[in-house]
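Novice: Let me begin by handing over the structure; questions about it come next.
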Amino acid sequence: MSILTVSNLAKSFGADVLFSDITFSISAGQKLGLIGRNGGGKTTLLKILLGQELADASSNAPPKINLANGRRMGYLRQEAPVHPERTIAEEIEVALEPYRAVQARISEAEHAMSAATDDETLSKALEDYTEALDEFESRGGWEIESTKDATLMRLGFGPETLEKQVGSCSGGEQTRLALAKLVLTRPDLLILDEPTNHLDINAVEWLEGFLKEYTGAVILVSHDRYFLDAVVDSIAELEFQKLTIYKGNYSHFRRQKEERLQRQQDLYDQQQKEIARLNDLIKRNMGANATMSNIRHKTQGRIERMEKVDAVRHDTTRVKARIDDKNAGRIGREVLNLSGVAKAYGERTLFSDLNALVERGDRVGFVGPNGAGKTTLVKLLLGEEEPTAGSIQWGHNVRMAYFSQHATDALDVEKTVLDTLRDEAPAWNETQLRSYLARFLFTGDDVYKKVVMLSGGEKNKLALACMLLEPCNLLILDEPTNHLDIESCETLGQMLTDYNGTLFLVSHDRYLLNAVTNKTLGLTGKGSAELIEGNYAAWRELQNPTPAPTAKNAPLREAGGGGEPQRAGGGKNAAGGNNKARAKTQAALEKAEAEIASLEARLAELEASLASGKGDMVALATEHTQTQEQLTATLTEWERLSEELVDR
């Protein structure tokens, strides 16, 4: 049963067409993900559904939006709708006013029943009581108090925060408060516009679980692909002014769209081939006799009667930039060594006794709840703050680039895009500046736009363009996907995949973390932190370990022994032989590591001498080549020994 039916929606702003002929329906309990490029009309479409904007009038068929009788819609917009002068507790009470009103009706009906002096009055009071009670139960009124406390706690509002003034809350806290208010009202259709903005991973995972179990329908606009995969059962893509519906979550959508476009391309190619064949037939029958004229006429008619297949349109608005690690020089094998690092503010300890070794080529994701210290740790690495205890040691030849989650705040809003880049690259001429900006989709007159006129995603791209001017072999990114649409997130993911340097990535984007990281630094927010092998999924699995096997499902041991089962051909002698071989491999591995460190140090000396221009340049260059070849061979041997040690 459809609770919302939409037909013939169109919207334009002057000559700029956002969308046309939008027709779809939402069933009870359906979870629909609405995706598309920033500026493509997603938020405008939501506002039309909510009656906050009008659709364009149509000469063909009038636009229609029908919400089933008795159904309610609730909307969370990107900017949190909260009152700055109220406390958090007062804001929650505002959201619960409909429940309180129904409770008051129940109380009034109960009082009327007890005070009734005749059957007619009693019957009317009983009818009012039943109606109010049914509404209260349908809204989940009996569970509202426990639901309220659990919801607030999950979204980071403990009892100690309830008297806090909303105006003193951060933007993230206000977004979470608005979300709490909305989910507590339990509308039949929940419309959410980027609800994961400003939420940490724990809060996002709670919201995932809530929406999956939510009995009402949901329309969800989000750039969080992991979130879409977990929550939605259908995808609506707004692209090229049209809305296309796909069944399944985001990953299913990607496959279906790829298959649909391939089918369309195949049909288009076949049709074009047939049209070419028919046109050739027309050309071969250009004579004046009646037979040839008849062939031409009928063949042309066949072409005109064909239902033409459109050529596949490809999105040409993807960023084409790359991260230059090749010209940054070779970074040392040990990039960063954290030894007993701690950071505290007064009595609050963010993390302590943090020990971690990051090596060349590692791609480390920083994860943890808001306030756990991820950005603070980045500030320690940048030297903007000092650790309370411990030491931070950087390796050789580190050339760092840093993208802050507040990078766009540093942009001068009164300057143009072109002038902003010119400040960062004063030696470049306008042709060079425009060519570089084009890689980030600033083309034509776009370069003369003032920063104040740019969208959040465009500001992010401009800040990223400024950051990537210089080569780097260590890249530190703090929430780089903020304000980006899905296509831009995927482009960023591809850029990071192609990047061969070392990466530190602070992000709540679990899809991106899984795609581009191979190590994870998890901060708990309770004082502990640990670096583990593997991406976000591996770290998450460690947080919820599989229970140890019970007696019922434990693996069977070899008869006659209470210890570990022995390998075939095992026994004392075999174990002793394995231990000796392992020790020999370990010794060779340590020797190779020492040689690598020595060769890297010599390479650094040679590079410094070559850069100075002093001495015998030919001899230095020859030795540099020989040392580089020797280092490559030693690294290959080190990798072989490492694999051999694992196998043993």
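Chain labels run A, B, ... following the order of the structure tokens; each chain numbers its residues from 1, and ligands are numbered from 1 in the order shown.
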Please provide as a PyMOL selection string all residues within 8 Å of segment 203-205 of chain A, with the sequence filter that same-chain residues fewer than 3 positions apart are discarded (counting only C-alpha atoms).
Specialist: chain A and resi 154-156+196+199-200+208-209+227
Novice: Enumerate, as a VMD selection string, the complete set of residues in segment 249-493 of chain A that a backbone-based DSSP assignment places in helix (DSSP H, G or I).
Specialist: chain A and resid 250 to 283 290 to 305 326 to 328 374 to 382 407 to 410 417 to 424 430 to 438 444 to 448 451 to 453 456 to 467 486 to 493
Novice: Using C-alpha atoms, can you write the selected residues to a file as an mmCIF file, in the first residue's frame?
Specialist:
```
data_model
loop_
_atom_site.group_PDB
_atom_site.id
_atom_site.type_symbol
_atom_site.label_atom_id
_atom_site.label_comp_id
_atom_site.auth_asym_id
_atom_site.auth_seq_id
_atom_site.Cartn_x
_atom_site.Cartn_y
_atom_site.Cartn_z
ATOM 1 C CA TYR A 250 23.550 1.136 -2.804
ATOM 2 C CA SER A 251 25.843 -1.722 -3.849
ATOM 3 C CA HIS A 252 22.973 -3.378 -5.749
ATOM 4 C CA PHE A 253 22.213 -0.044 -7.404
ATOM 5 C CA ARG A 254 25.805 0.276 -8.644
ATOM 6 C CA ARG A 255 25.660 -3.147 -10.296
ATOM 7 C CA GLN A 256 22.181 -2.613 -11.739
ATOM 8 C CA LYS A 257 23.061 0.794 -13.161
ATOM 9 C CA GLU A 258 26.217 -0.548 -14.766
ATOM 10 C CA GLU A 259 24.244 -3.423 -16.323
ATOM 11 C CA ARG A 260 21.445 -1.083 -17.483
ATOM 12 C CA LEU A 261 23.886 1.319 -19.129
ATOM 13 C CA GLN A 262 25.705 -1.558 -20.812
ATOM 14 C CA ARG A 263 22.403 -2.895 -22.191
ATOM 15 C CA GLN A 264 21.485 0.593 -23.393
ATOM 16 C CA GLN A 265 24.875 0.987 -25.070
ATOM 17 C CA ASP A 266 24.561 -2.413 -26.763
ATOM 18 C CA LEU A 267 21.059 -1.564 -28.051
ATOM 19 C CA TYR A 268 22.243 1.856 -29.218
ATOM 20 C CA ASP A 269 25.205 0.327 -31.082
ATOM 21 C CA GLN A 270 22.953 -2.284 -32.716
ATOM 22 C CA GLN A 271 20.425 0.343 -33.771
ATOM 23 C CA GLN A 272 23.093 2.674 -35.146
ATOM 24 C CA LYS A 273 24.532 -0.239 -37.123
ATOM 25 C CA GLU A 274 21.084 -0.991 -38.556
ATOM 26 C CA ILE A 275 20.460 2.670 -39.385
ATOM 27 C CA ALA A 276 23.845 2.810 -41.151
ATOM 28 C CA ARG A 277 22.927 -0.315 -43.132
ATOM 29 C CA LEU A 278 19.562 1.173 -44.167
ATOM 30 C CA ASN A 279 21.152 4.492 -45.116
ATOM 31 C CA ASP A 280 23.624 2.579 -47.244
ATOM 32 C CA LEU A 281 20.662 0.832 -48.912
ATOM 33 C CA ILE A 282 19.132 4.240 -49.669
ATOM 34 C CA LYS A 283 22.412 5.466 -51.191
ATOM 35 C CA ALA A 290 10.052 3.656 -59.681
ATOM 36 C CA THR A 291 11.573 0.582 -58.037
ATOM 37 C CA MET A 292 14.521 2.488 -56.564
ATOM 38 C CA SER A 293 12.233 5.320 -55.474
ATOM 39 C CA ASN A 294 9.974 2.819 -53.713
ATOM 40 C CA ILE A 295 12.977 1.229 -51.934
ATOM 41 C CA ARG A 296 14.191 4.636 -50.753
ATOM 42 C CA HIS A 297 10.752 5.659 -49.525
ATOM 43 C CA LYS A 298 10.114 2.447 -47.594
ATOM 44 C CA THR A 299 13.620 2.330 -46.133
ATOM 45 C CA GLN A 300 13.424 5.939 -44.946
ATOM 46 C CA GLY A 301 10.055 5.125 -43.392
ATOM 47 C CA ARG A 302 11.590 2.228 -41.478
ATOM 48 C CA ILE A 303 14.267 4.527 -40.036
ATOM 49 C CA GLU A 304 11.714 7.164 -39.040
ATOM 50 C CA ARG A 305 9.391 4.606 -37.370
ATOM 51 C CA LYS A 326 56.641 10.823 -7.285
ATOM 52 C CA ASN A 327 58.321 14.230 -7.001
ATOM 53 C CA ALA A 328 58.309 14.231 -3.199
ATOM 54 C CA LYS A 374 41.429 11.933 16.729
ATOM 55 C CA THR A 375 41.860 15.570 15.702
ATOM 56 C CA THR A 376 43.944 16.228 18.825
ATOM 57 C CA LEU A 377 46.313 13.432 17.804
ATOM 58 C CA VAL A 378 46.611 15.021 14.368
ATOM 59 C CA LYS A 379 47.518 18.326 16.046
ATOM 60 C CA LEU A 380 50.243 16.520 17.997
ATOM 61 C CA LEU A 381 51.618 15.097 14.741
ATOM 62 C CA LEU A 382 51.572 18.558 13.158
ATOM 63 C CA ALA A 407 40.146 23.939 5.695
ATOM 64 C CA THR A 408 37.325 25.826 4.004
ATOM 65 C CA ASP A 409 37.098 28.246 6.953
ATOM 66 C CA ALA A 410 40.567 29.550 6.040
ATOM 67 C CA VAL A 417 38.654 31.058 -7.101
ATOM 68 C CA LEU A 418 41.459 32.182 -9.426
ATOM 69 C CA ASP A 419 42.932 34.665 -6.936
ATOM 70 C CA THR A 420 42.762 32.107 -4.134
ATOM 71 C CA LEU A 421 44.965 29.725 -6.107
ATOM 72 C CA ARG A 422 47.201 32.577 -7.316
ATOM 73 C CA ASP A 423 48.025 33.366 -3.667
ATOM 74 C CA GLU A 424 49.247 29.782 -3.256
ATOM 75 C CA GLU A 430 46.897 32.588 -15.633
ATOM 76 C CA THR A 431 46.999 29.769 -18.179
ATOM 77 C CA GLN A 432 48.733 27.484 -15.686
ATOM 78 C CA LEU A 433 46.311 28.458 -12.917
ATOM 79 C CA ARG A 434 43.229 27.848 -15.075
ATOM 80 C CA SER A 435 44.575 24.551 -16.376
ATOM 81 C CA TYR A 436 45.183 23.330 -12.816
ATOM 82 C CA LEU A 437 41.763 24.509 -11.596
ATOM 83 C CA ALA A 438 40.080 22.693 -14.490
ATOM 84 C CA GLY A 444 35.269 28.961 -17.831
ATOM 85 C CA ASP A 445 33.797 31.794 -15.777
ATOM 86 C CA ASP A 446 33.708 29.542 -12.671
ATOM 87 C CA VAL A 447 37.236 30.725 -11.847
ATOM 88 C CA TYR A 448 35.920 34.269 -11.375
ATOM 89 C CA VAL A 451 34.428 31.920 -2.670
ATOM 90 C CA VAL A 452 31.330 33.134 -0.828
ATOM 91 C CA MET A 453 29.212 31.958 -3.799
ATOM 92 C CA GLY A 456 30.240 23.443 0.537
ATOM 93 C CA GLY A 457 31.468 20.767 -1.865
ATOM 94 C CA GLU A 458 33.044 23.347 -4.197
ATOM 95 C CA LYS A 459 34.836 24.997 -1.270
ATOM 96 C CA ASN A 460 36.193 21.581 -0.277
ATOM 97 C CA LYS A 461 37.496 21.041 -3.821
ATOM 98 C CA LEU A 462 39.174 24.459 -3.847
ATOM 99 C CA ALA A 463 40.836 23.815 -0.474
ATOM 100 C CA LEU A 464 41.970 20.408 -1.750
ATOM 101 C CA ALA A 465 43.373 22.026 -4.923
ATOM 102 C CA CYS A 466 45.438 24.444 -2.820
ATOM 103 C CA MET A 467 46.716 21.628 -0.602
ATOM 104 C CA ILE A 486 28.737 10.417 -3.591
ATOM 105 C CA GLU A 487 30.437 10.912 -6.962
ATOM 106 C CA SER A 488 33.035 13.203 -5.386
ATOM 107 C CA CYS A 489 33.564 10.733 -2.532
ATOM 108 C CA GLU A 490 34.221 7.987 -5.073
ATOM 109 C CA THR A 491 36.609 10.214 -7.013
ATOM 110 C CA LEU A 492 38.496 10.986 -3.796
ATOM 111 C CA GLY A 493 38.626 7.265 -3.037
#
```
Novice: Which residue, A:Arg225, A:Ser12, A:Asp193, A:Asp233, has the smallest gap to Ile245 of chain A when you use only C-alpha atoms?
Specialist: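 So, comparing all the options, the nearest one is A:Asp233.
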Novice: For Glu145 of chain A, please output as a short mmCIF file (atom, residue, chain, number, x, y, z; two decimals) with N, CA and C atoms, in the first residue's frame all residues within 10 Å (counting only C-alpha atoms; exclusion window: fewer than 6 positions along the same chain).
Specialist:
```cif
data_model
loop_
_atom_site.label_atom_id
_atom_site.label_comp_id
_atom_site.auth_asym_id
_atom_site.auth_seq_id
_atom_site.Cartn_x
_atom_site.Cartn_y
_atom_site.Cartn_z
N LEU A 96 7.89 16.17 22.35
CA LEU A 96 6.95 15.22 22.97
C LEU A 96 5.58 15.84 23.23
N THR A 151 17.40 6.92 23.39
CA THR A 151 17.73 7.69 22.19
C THR A 151 18.73 8.80 22.51
N LEU A 184 11.85 10.62 17.90
CA LEU A 184 10.94 10.37 19.02
C LEU A 184 9.48 10.56 18.62
#
```
Novice: I need the strand (DSSP E or B) residues of segment 147-209 of chain A per DSSP on the backbone, written as a ChimeraX atom specification.
Specialist: /A:165,189-193
Novice: I need the residue nearest Ile219 of chain A from this list: A:Leu179, A:Cys472, A:Ser27, A:Lys148. Use only C-alpha atoms for the distance.
Specialist: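 Closest to Ile219 of chain A of all the choices is A:Ser27.
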Novice: Would you list the contacts of Arg330 of chain A as an MDAnalysis selection string, taking every protein, DNA or RNA residue within 10 Å and counting only C-alpha atoms, but skipping same-chain residues closer than 5 positions in sequence?
Specialist: chainID A and resid 325 360 396:399 473 501 600 603:604
Novice: Excluding Arg86 of chain A and residues on its chain fewer than 2 positions from it, collect all residues at most 12 Å away from it, counting only C-alpha atoms, and give them as a ChimeraX atom specification.
Specialist: /A:82-84,88-94,162-169,174,177
Novice: Could you save the residues just selected, with N, CA and C atoms, as an mmCIF file, in the first residue's frame?
Specialist:
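Below is the file that was written, again-v4.cif:
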```cif
data_model
loop_
_atom_site.group_PDB
_atom_site.id
_atom_site.type_symbol
_atom_site.label_atom_id
_atom_site.label_comp_id
_atom_site.auth_asym_id
_atom_site.auth_seq_id
_atom_site.Cartn_x
_atom_site.Cartn_y
_atom_site.Cartn_z
ATOM 1 N N VAL A 82 16.631 23.899 15.773
ATOM 2 C CA VAL A 82 16.506 23.898 17.232
ATOM 3 C C VAL A 82 16.529 25.337 17.738
ATOM 4 N N HIS A 83 15.977 25.535 18.945
ATOM 5 C CA HIS A 83 15.857 26.881 19.519
ATOM 6 C C HIS A 83 17.043 27.138 20.444
ATOM 7 N N PRO A 84 17.853 28.173 20.167
ATOM 8 C CA PRO A 84 19.095 28.365 20.931
ATOM 9 C C PRO A 84 18.879 28.738 22.398
ATOM 10 N N ILE A 88 18.462 21.533 26.456
ATOM 11 C CA ILE A 88 18.263 20.286 25.708
ATOM 12 C C ILE A 88 16.993 19.586 26.181
ATOM 13 N N ALA A 89 16.774 19.556 27.502
ATOM 14 C CA ALA A 89 15.572 18.899 28.048
ATOM 15 C C ALA A 89 14.308 19.595 27.551
ATOM 16 N N GLU A 90 14.329 20.923 27.483
ATOM 17 C CA GLU A 90 13.152 21.663 27.013
ATOM 18 C C GLU A 90 12.891 21.396 25.534
ATOM 19 N N GLU A 91 13.946 21.296 24.737
ATOM 20 C CA GLU A 91 13.770 20.978 23.314
ATOM 21 C C GLU A 91 13.124 19.605 23.140
ATOM 22 N N ILE A 92 13.536 18.636 23.935
ATOM 23 C CA ILE A 92 12.951 17.300 23.852
ATOM 24 C C ILE A 92 11.476 17.336 24.241
ATOM 25 N N GLU A 93 11.136 18.131 25.258
ATOM 26 C CA GLU A 93 9.741 18.235 25.676
ATOM 27 C C GLU A 93 8.882 18.844 24.574
ATOM 28 N N VAL A 94 9.444 19.773 23.801
ATOM 29 C CA VAL A 94 8.711 20.338 22.666
ATOM 30 C C VAL A 94 8.358 19.224 21.672
ATOM 31 N N LEU A 162 21.482 17.534 29.995
ATOM 32 C CA LEU A 162 20.118 17.947 29.670
ATOM 33 C C LEU A 162 19.815 19.402 30.007
ATOM 34 N N GLU A 163 20.552 19.991 30.930
ATOM 35 C CA GLU A 163 20.314 21.388 31.285
ATOM 36 C C GLU A 163 21.210 22.345 30.499
ATOM 37 N N LYS A 164 21.963 21.814 29.556
ATOM 38 C CA LYS A 164 22.842 22.647 28.737
ATOM 39 C C LYS A 164 22.019 23.488 27.773
ATOM 40 N N GLN A 165 22.405 24.751 27.611
ATOM 41 C CA GLN A 165 21.715 25.648 26.692
ATOM 42 C C GLN A 165 22.004 25.226 25.252
ATOM 43 N N VAL A 166 20.963 25.142 24.418
ATOM 44 C CA VAL A 166 21.131 24.702 23.035
ATOM 45 C C VAL A 166 22.062 25.643 22.273
ATOM 46 N N GLY A 167 21.974 26.948 22.577
ATOM 47 C CA GLY A 167 22.814 27.917 21.877
ATOM 48 C C GLY A 167 24.294 27.711 22.105
ATOM 49 N N SER A 168 24.656 27.055 23.202
ATOM 50 C CA SER A 168 26.074 26.804 23.487
ATOM 51 C C SER A 168 26.544 25.454 22.938
ATOM 52 N N CYS A 169 25.635 24.705 22.303
ATOM 53 C CA CYS A 169 26.003 23.409 21.714
ATOM 54 C C CYS A 169 26.718 23.631 20.383
ATOM 55 N N GLN A 174 23.834 20.116 17.901
ATOM 56 C CA GLN A 174 22.513 20.593 17.494
ATOM 57 C C GLN A 174 21.882 19.667 16.452
ATOM 58 N N LEU A 177 20.646 16.664 18.324
ATOM 59 C CA LEU A 177 19.447 16.986 19.095
ATOM 60 C C LEU A 177 18.216 17.036 18.181
#
```
Novice: In terms of the shortest atom-to-atom distance over only C-alpha atoms, which of A:Phe13, A:Phe136, A:Phe366, A:Tyr214 is closest to Ile532 of chain A?
Specialist: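 Checking each candidate against Ile532 of chain A, we get A:Phe366 as the closest.
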Novice: Smallest atom-to-atom distance to Ala425 of chain A: which of A:Tyr402, A:Glu470, A:Glu173, A:Glu595, using only C-alpha atoms?
Specialist: A:Glu470
Novice: Restricting the calculation to only C-alpha atoms: of A:Val335, A:Val218, A:Leu122, A:Ala601, which residue gets closest to Ile3 of chain A?
Specialist: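 Ranked by minimum distance to Ile3 of chain A, first place goes to A:Val218.
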